[in-house]
Every structure is written in structure tokens, then in C-alpha cells.
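Working notes, beginning with the structure itself.
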Amino acid sequence: MRIGVIELLTGNCATRGLRGIGSYLYTRQYASLMPQAVSAWCREFGHQVHYATFAGRGDPKSLLPADLDIVFVGTNTPASALAYALAKLYRQEHALTVVGGPHARAFPLDCARFFDIVVQQCDKELVRDIVDGACEPGSIVSSDRPLTDLPSVEQRMPEIRKSMFLFGRPNPTTTVGVIASLGCPYTCNFCTDWNNPYVLLPAEKLAADLRYLAEHLPGTRVAFHDPNFAVRFDEVLDVLEQIPPKKRNPYIMESSLTVLKGSRLQRLKDTNCTYVAPGVESWSGYSNKSGARTKTGHEKMEMVAEEFRAIHEYVQGLQANFIFGLDADEGDEPVELTKEFITRTPFVWPAINIPTPFGGTPFFDDCVSDGRILRSMPFALYYIPHLVTTLKHYDPIGYYERLIDINVHLSSAKLLRKRLGSTRSRSIQLFFLARTSGTRQRVNDFRAIIGALKSDAHMLAFHEGEDVPLPSFYRHEVRRMLGQYASLLSEEDLLPVLDQYVSTASRALPLLPARLPLRASAPKMSV
């Protein structure tokens with residue numbers, strides 16, 4: 001059969017100019033492991049497979065050939081509108097449409113309005129069943145087997161070349177994904193991995209991938225897609241240390257501050273760790289991840305700043321992940337503490353996120369039960385800069401004013417100079433420049449939303465939780481993002497169905513994460 005596999009790394013078809021090119025080069029490095037695995041498995045089954053990723057440039061449908069029998073689409077929630085539009089086109093061509101990834105896991109019944117088969121939890125045998133016709137159209141399917149067997153880097157090389165290389169060759173932005181573990185031992189209520197138990201994958205598979213990369217792609221950056229890297233630190237680092245020191249690829253990862261202590265920092269440096277992105281989340285809660293235990297407020301900020309300063313002695317690239325507006329946040333204290341942290345640690349890039357209620361999380365359940373979700377907000381806007389809930393302690397205008405305050409401070413010329421002087425790494429300096437530029441644009445986005453809130457009573461009423469139709473501000477934004485695909489989706493298509501997704505409190509089998517783990521609560525992508 002002729003099978004297509006496409007991963008939507010963005011739902012925005014409207015990126016243009018130099019900024020669009022930079023975004024394209026950066027975004028395509030977020031390609032996930034599972035779409036690549038699905039492609040490799042279908043090739044192993046003997047089918048003619050075409051794999052592609054859409055990163056915001058060109059026409060996504062043109063990335064796959066015509067006359068396909070089956071199309072697998074991997075999507076996160078912000079790209080869901082584009083996924084739905086593509087599904088309509090492929091259905092018209094009589095292809096079997098299959099969707100997976102974090103959006104399918106979070107909102108499966110919404111996906112079922114547009115796709116023939118919705119995959120929540122995937123493995124090789126389930127893919128075989130789908131391809132062999134064992135899953136009826138209209139099904140929502142999930143594997144009940146623990147995921148332990150994934151294609152190696154060598155087996156995924158055709159997909160890696162297609163998604164992460166330029167003109168068939170690696171380039172300075174190329175980042176190859178690997179994975180050492182699934183799940184997370186923490187239960188942060190906003191995180192899609194809150195109920196996925198930690199599982200360490202077979203060490204020999206990781207060792208084989210690292211050996212292959214050291215031999216065939218020397219110097220190429222490696223990204224660990226683990227939700228929480230090296231919870232079993234010694235066992236994972238033992239594998240990395242099997243590679244001779246001069247042959248170790250640079251790698252980046254996301255971890256908890258509790259893991260990054262003492263002699264372990266030297267081991268990170270020795271194994272060529274170049275970038276770490278711990279989750280701080282909030283100054284008022286989630287302190288178990290940072291080792292702060294009962295510390296909150298200024299006391300926690302002091303401790304966390306010192307810990308980052310210690311890590312910086314060994315790892316040049318650092319990012320701290322925050323979510324501002326969680327239920328534990330109140331008043332101006334979180335803003336002032338974040339600004340003080342930013343000033344004290346110019347060598348750390350702080351990623352400031354907006355709380356987003358993804359289906360299957362306790363945070364989503366709480367927002368549904370409290371009536372706090374903006375029910376007509378399209379899923380395509382479930383990401384920064386858009387607020388899709390009413391917040392517990394902030395009105396919408398006051399919240400966006402505080403976000404602007406943080407981000408103006410973060411992107412100031414004075415702090416940029418300090419950042420550039422805090423590292424000798426040219427790649428990290430370029431990263432700081434790019435992120436500063438992006439943050440300044442984000443401030444403009446926030447200001448546009450505040451302007452609409454102040455000038456449009458309907459927009460303000462919507463954000464205050466009143467039962468009013470979707471404001472034209474957001475209708476226009478979704479249409480702009482979809483570009484030529486906007487005409488394929490009606491207003492009803494864009495209206496999310498929410499009541500069916502309240503989760504249970506049980507712990508599930510571990511799910512494969514995706515996407516480079518560099519943003520707290522960022523939508524992860526996997527089939």
C-alpha cells in the first residue's frame with residue numbers, strides 16, 4: 001500500500017519573511033520520535049511509505065504524494081485545526097485517515113469528528129493492525145502493551161534526513177531525538193505526563209543509538225525526549241559514559257532540579273551535556289520538583305537561583321520553565337520574584353508559559369468542574385499568547401499587563417548584554433538573540449490582546465467567562481493561521497466539544513513523549 005505519515009509541528013500556515021525562515025529551521029528540529037517510528041514500521045511491513053513534517057513553510061498537503069491509501073497525521077492541540085482540514089481533503093480522496101499525538105490523547109472524541117481512526121496509545125502491533133485493516137473506521141484505539149520497542153536511530157535515518165537535515169546533510173540546527181525513559185515520577189496537575197509512571201527503557205538500545213550517532217553523525221546535537229531525564233541518574237549516565245570522551249555528541253535534556261546535585265554535575269559536563277531545562281513552574285507550589293520541599297516565595301527563589309548558578313559552572317546552556325497564572329499564583333509577588341530571578345541569573349533563559357488545560361489532566365478536570373474553560377475557544381488557540389480559561393486570582397486585563405511586565409524585563413537590552421557576556425558558546429548567544437527577538441514579538445501579541453479587551457466589551461465579557469459567542473478577534477486569528485485551508489472548516493468545526501473528556505484518577509501505561517523537552521507545559525507531539 002501507499003502510506004503517508006505527516007507530523008504537524010505547527011498549525012500556522014502564515015509565517016513569512018526572515019522571521020518565518022528562522023522559525024522554520026528551529027521548528028523542524030522538534031520532530032517527534034513516534035511519527036518516525038510509525039513510518040519505519042510501515043516500511044518494515046513492506047509498504048511504500050512517504051514521511052514528512054510541516055514546520056510552517058509551504059503547503060502541508062504538497063509534502064505527501066497523491067493517491068495514498070492510508071494517511072497517519074501526528075498533531076499537537078494548537079495544530080489541530082490544520083489537521084482537521086487535511087483530514088477532510090484526504091477523506092475526499094478516499095484515503096483512510098488516522099490521527100495520533102497529544103491532541104488525540106487529550107481530545108479523542110473531537111478528533112473522531114474528522115478522522116477515521118483515533119490512536120491514543122501506540123505501538124508496533126497496533127500500527128500493524130491499522131495497516132492490515134483490523135481497526136474499523138470510527139474507532140478510537142489504544143495499545144494495552146507497555147511501549148518498550150522502538151526503531152533505532154539507524155532505522156529512523158530516512159525520516160531523520162527528511163525532517164532534520166537540509167539538502168540531505170546535517171546543519172548547525174540539526175538535533176536528533178533519542179529516548180532513555182518514559183513517564184515521570186511527579187504528578188503536576190497541568191502536565192500530560194501526570195499519570196504516566198516512570199519506566200527506564202533498555203540500556204542496550206540507548207547505547208546502540210549513541211554509538212551510531214558518534215560514528216555516523218559526529219558533533220550533531222542529540223535531544224533526549226524523556227519527560228524527565230535521568231531520574232535513575234547513575235544508570236543513564238553509565239550508558240552515556242560508554243562512548244569515548246572525544247566522540248560524545250553534545251546533548252540537551254529536561255530534568256528536575258532535584259536530580260542535578262553534587263558530583264552529578266561533573267558527570268553531565270564530562271558526557272557533553274550542553275543544555276538543561278528544569279521545570280520550576282511556580283514560586284508558590286510544585287516545590288518537590290526543585291527540591292525546595294516546603295519552601296515558597298522569596299525563600300524558594302533564592303534557593304533556585306543558587307542551584308542554577310551551581311549548574312552553570314558545568315553546563316553553559318540553561319533554561320528555567322515557568323507557568324504564570326496557576327491557581328497558586330496571586331497578586332504581584334510571582335511577577336516580582338520572576339523578575340528578580342531573571343536579573344540574578346542572566347545566563348538562564350526563563351520560558352514563561354500560560355496555563356493551558358489539556359484533556360486528561362487534573363487541571364482540565366478542575367477547570368471543567370469549576371466552569372472556568374472558555375468553551376467556544378478553538379483548540380487551535382490552546383497555546384501562548386492565548387488565555388483559554390478564567391484564572392482564579394487574576395482578571396484578564398490585569399493578567400496580560402503582568403505578563404507584559406515580565407516579558408519586557410526579560411527582553412530588555414540591558415539583560416541581553418548580560419546574557420551574551422555570560423557564555424562563551426556562540427550557539428547559545430545566537431539562541432539568546434533569537435529568543436529575545438521572539439519575546440519582544442510576544443509582547444506585541446499581548447498588547448494586541450489587551451487592546452481588544454479594552455476596546456471590545458464582547459471580548460472582555462468572553463474572557464470573564466460569560467456565555468457569549470467567540471469574539472471576532474479570535475475568529476480572524478484562526479482564519480489567518482489556516483491561510484488557504486480556512487475555507488475547509490466551518491464555525492461549527494472550530495467549536496470544541498469539551499464535556500466528554502473528564503479524566504479518571506487512575507495511572508496509565510507510559511506514553512511516548514515527543515518534541516524537544518524545552519518548554520514547561522508545551523504541547524508534546526507523538527502518534
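Following the order of the C-alpha cells, first chain is A, next is B, and so on, with residues numbered from 1 inside each chain and ligands from 1 in the order they appear.
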
Write out as an mmCIF file with all heavy atoms, in the first residue's frame the residues lying within 12 Å of Ser437 in chain A, counting only C-alpha atoms and excluding same-chain residues fewer than 6 positions away.
```
data_model
loop_
_atom_site.group_PDB
_atom_site.id
_atom_site.type_symbol
_atom_site.label_atom_id
_atom_site.label_comp_id
_atom_site.auth_asym_id
_atom_site.auth_seq_id
_atom_site.Cartn_x
_atom_site.Cartn_y
_atom_site.Cartn_z
ATOM 1 N N ARG A 19 11.843 36.117 9.559
ATOM 2 C CA ARG A 19 11.412 35.511 10.817
ATOM 3 C C ARG A 19 10.814 34.136 10.557
ATOM 4 O O ARG A 19 11.013 33.187 11.303
ATOM 5 C CB ARG A 19 10.394 36.416 11.513
ATOM 6 C CG ARG A 19 9.997 35.888 12.886
ATOM 7 C CD ARG A 19 8.893 36.718 13.501
ATOM 8 N NE ARG A 19 8.510 36.179 14.795
ATOM 9 C CZ ARG A 19 7.318 36.370 15.339
ATOM 10 N NH1 ARG A 19 6.408 37.070 14.707
ATOM 11 N NH2 ARG A 19 7.037 35.856 16.518
ATOM 12 N N GLY A 22 13.635 31.601 9.992
ATOM 13 C CA GLY A 22 14.252 31.213 11.255
ATOM 14 C C GLY A 22 13.363 30.287 12.057
ATOM 15 O O GLY A 22 13.822 29.297 12.627
ATOM 16 N N SER A 23 12.072 30.612 12.103
ATOM 17 C CA SER A 23 11.119 29.762 12.817
ATOM 18 C C SER A 23 11.056 28.376 12.187
ATOM 19 O O SER A 23 10.987 27.364 12.884
ATOM 20 C CB SER A 23 9.736 30.425 12.809
ATOM 21 O OG SER A 23 8.774 29.582 13.396
ATOM 22 N N ASN A 407 7.787 40.040 30.571
ATOM 23 C CA ASN A 407 8.462 39.825 29.291
ATOM 24 C C ASN A 407 9.224 41.050 28.800
ATOM 25 O O ASN A 407 10.237 40.902 28.102
ATOM 26 C CB ASN A 407 7.444 39.358 28.251
ATOM 27 C CG ASN A 407 7.085 37.899 28.420
ATOM 28 O OD1 ASN A 407 7.778 37.011 27.944
ATOM 29 N ND2 ASN A 407 5.987 37.634 29.128
ATOM 30 N N VAL A 408 8.761 42.255 29.140
ATOM 31 C CA VAL A 408 9.542 43.452 28.827
ATOM 32 C C VAL A 408 10.854 43.431 29.598
ATOM 33 O O VAL A 408 11.930 43.741 29.055
ATOM 34 C CB VAL A 408 8.730 44.722 29.139
ATOM 35 C CG1 VAL A 408 9.627 45.960 29.140
ATOM 36 C CG2 VAL A 408 7.615 44.903 28.115
ATOM 37 N N LEU A 410 12.350 40.731 30.737
ATOM 38 C CA LEU A 410 13.124 39.609 30.206
ATOM 39 C C LEU A 410 13.863 39.970 28.920
ATOM 40 O O LEU A 410 14.996 39.532 28.700
ATOM 41 C CB LEU A 410 12.164 38.437 29.948
ATOM 42 C CG LEU A 410 12.633 37.251 29.104
ATOM 43 C CD1 LEU A 410 13.843 36.591 29.725
ATOM 44 C CD2 LEU A 410 11.499 36.250 28.946
ATOM 45 N N SER A 411 13.245 40.781 28.059
ATOM 46 C CA SER A 411 13.815 41.065 26.740
ATOM 47 C C SER A 411 14.504 42.421 26.652
ATOM 48 O O SER A 411 14.766 42.915 25.554
ATOM 49 C CB SER A 411 12.712 40.981 25.676
ATOM 50 O OG SER A 411 11.667 41.899 25.959
ATOM 51 N N SER A 412 14.834 43.021 27.794
ATOM 52 C CA SER A 412 15.472 44.338 27.783
ATOM 53 C C SER A 412 16.878 44.259 27.201
ATOM 54 O O SER A 412 17.553 43.224 27.265
ATOM 55 C CB SER A 412 15.543 44.903 29.204
ATOM 56 O OG SER A 412 16.441 44.150 29.999
ATOM 57 N N ALA A 413 17.320 45.364 26.628
ATOM 58 C CA ALA A 413 18.663 45.419 26.043
ATOM 59 C C ALA A 413 19.741 45.199 27.105
ATOM 60 O O ALA A 413 20.767 44.559 26.846
ATOM 61 C CB ALA A 413 18.854 46.767 25.351
ATOM 62 N N LEU A 416 19.983 41.550 27.813
ATOM 63 C CA LEU A 416 20.551 40.852 26.655
ATOM 64 C C LEU A 416 22.070 40.972 26.654
ATOM 65 O O LEU A 416 22.775 39.985 26.391
ATOM 66 C CB LEU A 416 19.973 41.418 25.363
ATOM 67 C CG LEU A 416 20.537 40.817 24.067
ATOM 68 C CD1 LEU A 416 20.320 39.309 24.018
ATOM 69 C CD2 LEU A 416 19.921 41.496 22.856
ATOM 70 N N LEU A 430 23.536 32.963 20.052
ATOM 71 C CA LEU A 430 22.547 33.093 18.979
ATOM 72 C C LEU A 430 21.159 32.717 19.480
ATOM 73 O O LEU A 430 20.159 33.334 19.100
ATOM 74 C CB LEU A 430 22.948 32.209 17.793
ATOM 75 C CG LEU A 430 24.183 32.665 17.018
ATOM 76 C CD1 LEU A 430 24.573 31.612 15.976
ATOM 77 C CD2 LEU A 430 23.933 34.008 16.335
ATOM 78 N N PHE A 431 21.105 31.717 20.344
ATOM 79 C CA PHE A 431 19.833 31.319 20.945
ATOM 80 C C PHE A 431 19.244 32.462 21.762
ATOM 81 O O PHE A 431 18.048 32.771 21.653
ATOM 82 C CB PHE A 431 20.064 30.084 21.820
ATOM 83 C CG PHE A 431 18.875 29.672 22.643
ATOM 84 C CD1 PHE A 431 17.863 28.926 22.089
ATOM 85 C CD2 PHE A 431 18.786 30.028 23.984
ATOM 86 C CE1 PHE A 431 16.758 28.530 22.848
ATOM 87 C CE2 PHE A 431 17.700 29.643 24.751
ATOM 88 C CZ PHE A 431 16.685 28.888 24.176
ATOM 89 N N VAL A 443 5.451 40.199 23.274
ATOM 90 C CA VAL A 443 4.913 41.367 23.980
ATOM 91 C C VAL A 443 3.918 42.106 23.090
ATOM 92 O O VAL A 443 2.858 42.559 23.557
ATOM 93 C CB VAL A 443 6.057 42.302 24.426
ATOM 94 C CG1 VAL A 443 5.506 43.642 24.921
ATOM 95 C CG2 VAL A 443 6.880 41.640 25.536
ATOM 96 N N ASN A 444 4.228 42.224 21.801
ATOM 97 C CA ASN A 444 3.287 42.864 20.876
ATOM 98 C C ASN A 444 1.985 42.080 20.795
ATOM 99 O O ASN A 444 0.897 42.669 20.706
ATOM 100 C CB ASN A 444 3.920 42.981 19.488
ATOM 101 C CG ASN A 444 5.072 43.963 19.451
ATOM 102 O OD1 ASN A 444 5.149 44.878 20.269
ATOM 103 N ND2 ASN A 444 5.980 43.781 18.508
#
```

For the helix (DSSP H, G or I) assignment from backbone DSSP, which residues of range 173-339 of chain A qualify? Please present them as a VMD selection string. chain A and resid 203 to 216 233 to 240 245 to 247 264 to 270 297 to 312 333 to 339

Determine, counting only C-alpha atoms, which protein, DNA and RNA residues have an atom within 10 Å of an atom of Leu318 in chain A; residues of the same chain fewer than 6 positions away are not included. Present the result as a ChimeraX atom specification. /A:252,254,274-278,308-309,311-312,345-350,428,518

Tell me, in Å to one decimal, how far CA of His225 in chain A is from CA of Met253 in chain A.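 Result for CA of His225 in chain A versus CA of Met253 in chain A: 7.2 Å, one decimal.
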
Non-local contacts of Phe107 in chain A (9 Å; only C-alpha atoms; under 2 positions in same chain excluded) as a list in words: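 Selected residues are Thr77, Pro102, His103, Ala104, Arg105, Leu109, Asp110, Cys111, Ala112, Phe358, Gly359, Gly360, Val497, Leu498, Gln500 and Tyr501 of chain A.
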
Residue neighbourhood Lys454 in chain A, 12 Å, only C-alpha atoms, exclusion window fewer than 4 positions, as a PDB file with C-alpha atoms, in the first residue's frame:
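Wrote result_33.pdb, looks like this:
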```pdb
ATOM      1  CA  PRO A 396      -7.837  39.143  32.065  1.00  0.00           C
ATOM      2  CA  ILE A 397      -6.518  42.680  31.628  1.00  0.00           C
ATOM      3  CA  GLY A 398      -4.514  42.587  34.868  1.00  0.00           C
ATOM      4  CA  TYR A 400      -1.871  40.313  30.497  1.00  0.00           C
ATOM      5  CA  GLU A 401      -0.438  43.520  31.987  1.00  0.00           C
ATOM      6  CA  ARG A 447      -0.565  44.215  23.795  1.00  0.00           C
ATOM      7  CA  ALA A 448      -2.864  43.420  20.874  1.00  0.00           C
ATOM      8  CA  ILE A 449      -4.987  41.224  23.130  1.00  0.00           C
ATOM      9  CA  ILE A 450      -5.119  43.885  25.854  1.00  0.00           C
ATOM     10  CA  HIS A 458     -17.809  41.482  23.890  1.00  0.00           C
ATOM     11  CA  MET A 459     -14.158  40.357  24.056  1.00  0.00           C
ATOM     12  CA  LEU A 460     -13.929  41.303  27.742  1.00  0.00           C
ATOM     13  CA  ALA A 461     -17.186  39.522  28.566  1.00  0.00           C
ATOM     14  CA  HIS A 463     -12.709  36.414  28.906  1.00  0.00           C
TER      15      HIS A 463
END
```

With only C-alpha atoms as the atoms that count, which of A:Lys269, A:His409, A:Arg221, A:Arg232 lies nearest to Pro250 in chain A? A:Arg221

Excluding same-chain residues fewer than 5 positions from Gln242 in chain A, what lies within 12 Å of it counting only C-alpha atoms, as a list in words?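 Near neighbours after the sequence-gap exclusion: Ala203, Glu204, Leu206, Ala207, Ala208, Asp209, Leu210, Arg211, Ala214, Glu235, Val236, Leu237, Lys247, Arg248, Asp270 and Thr271 of chain A.
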
Enumerate, as a ChimeraX atom specification, the complete set of residues in range 177-257 of chain A that a backbone-based DSSP assignment places in strand (DSSP E). /A:177-178,181-182,199-200,221-224,251-253

Neighbouring residues of range 382-385 of chain A were defined as those with any atom within 9 Å, considering only C-alpha atoms; residues of the same chain fewer than 5 positions away were excluded. Please report them as a list in words.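 Using only C-alpha atoms, the neighbours found are Thr77, Pro78, Asn353, Ile354, Pro355, Thr356, Pro357, Phe358, Met377, Arg442, Asp445, Phe446, Ile449, Ala522 and Pro523 of chain A.
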
Considering only C-alpha atoms, state which residue in the set A:Ala486, A:Cys188, A:Val98, A:Leu240 is at the smallest distance from Val280 in chain A.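 The closest residue to Val280 in chain A is A:Cys188.
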
So, with only C-alpha atoms as the atoms that count, which of A:Pro146, A:Gly4, A:Pro35, A:Gly74 lies closest to Val49 in chain A?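 Result for the nearest residue to Val49 in chain A: A:Gly4.
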
Which residue, A:Leu9, A:Val335, A:Val131, A:Leu326, has the smallest gap to Leu403 in chain A when you use only C-alpha atoms?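 So, comparing all the options, the nearest one is A:Val335.
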
What is the CA of Asn249 in chain A-CA of Pro227 in chain A distance in Å, reported with one decimal?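 Interatomic distance here is 20.3 Å.
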
Could you please determine the separation between CA of Leu200 in chain A and CA of Ile6 in chain A in Å, to one decimal place?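 Between CA of Leu200 in chain A and CA of Ile6 in chain A the gap works out to 28.1 Å.
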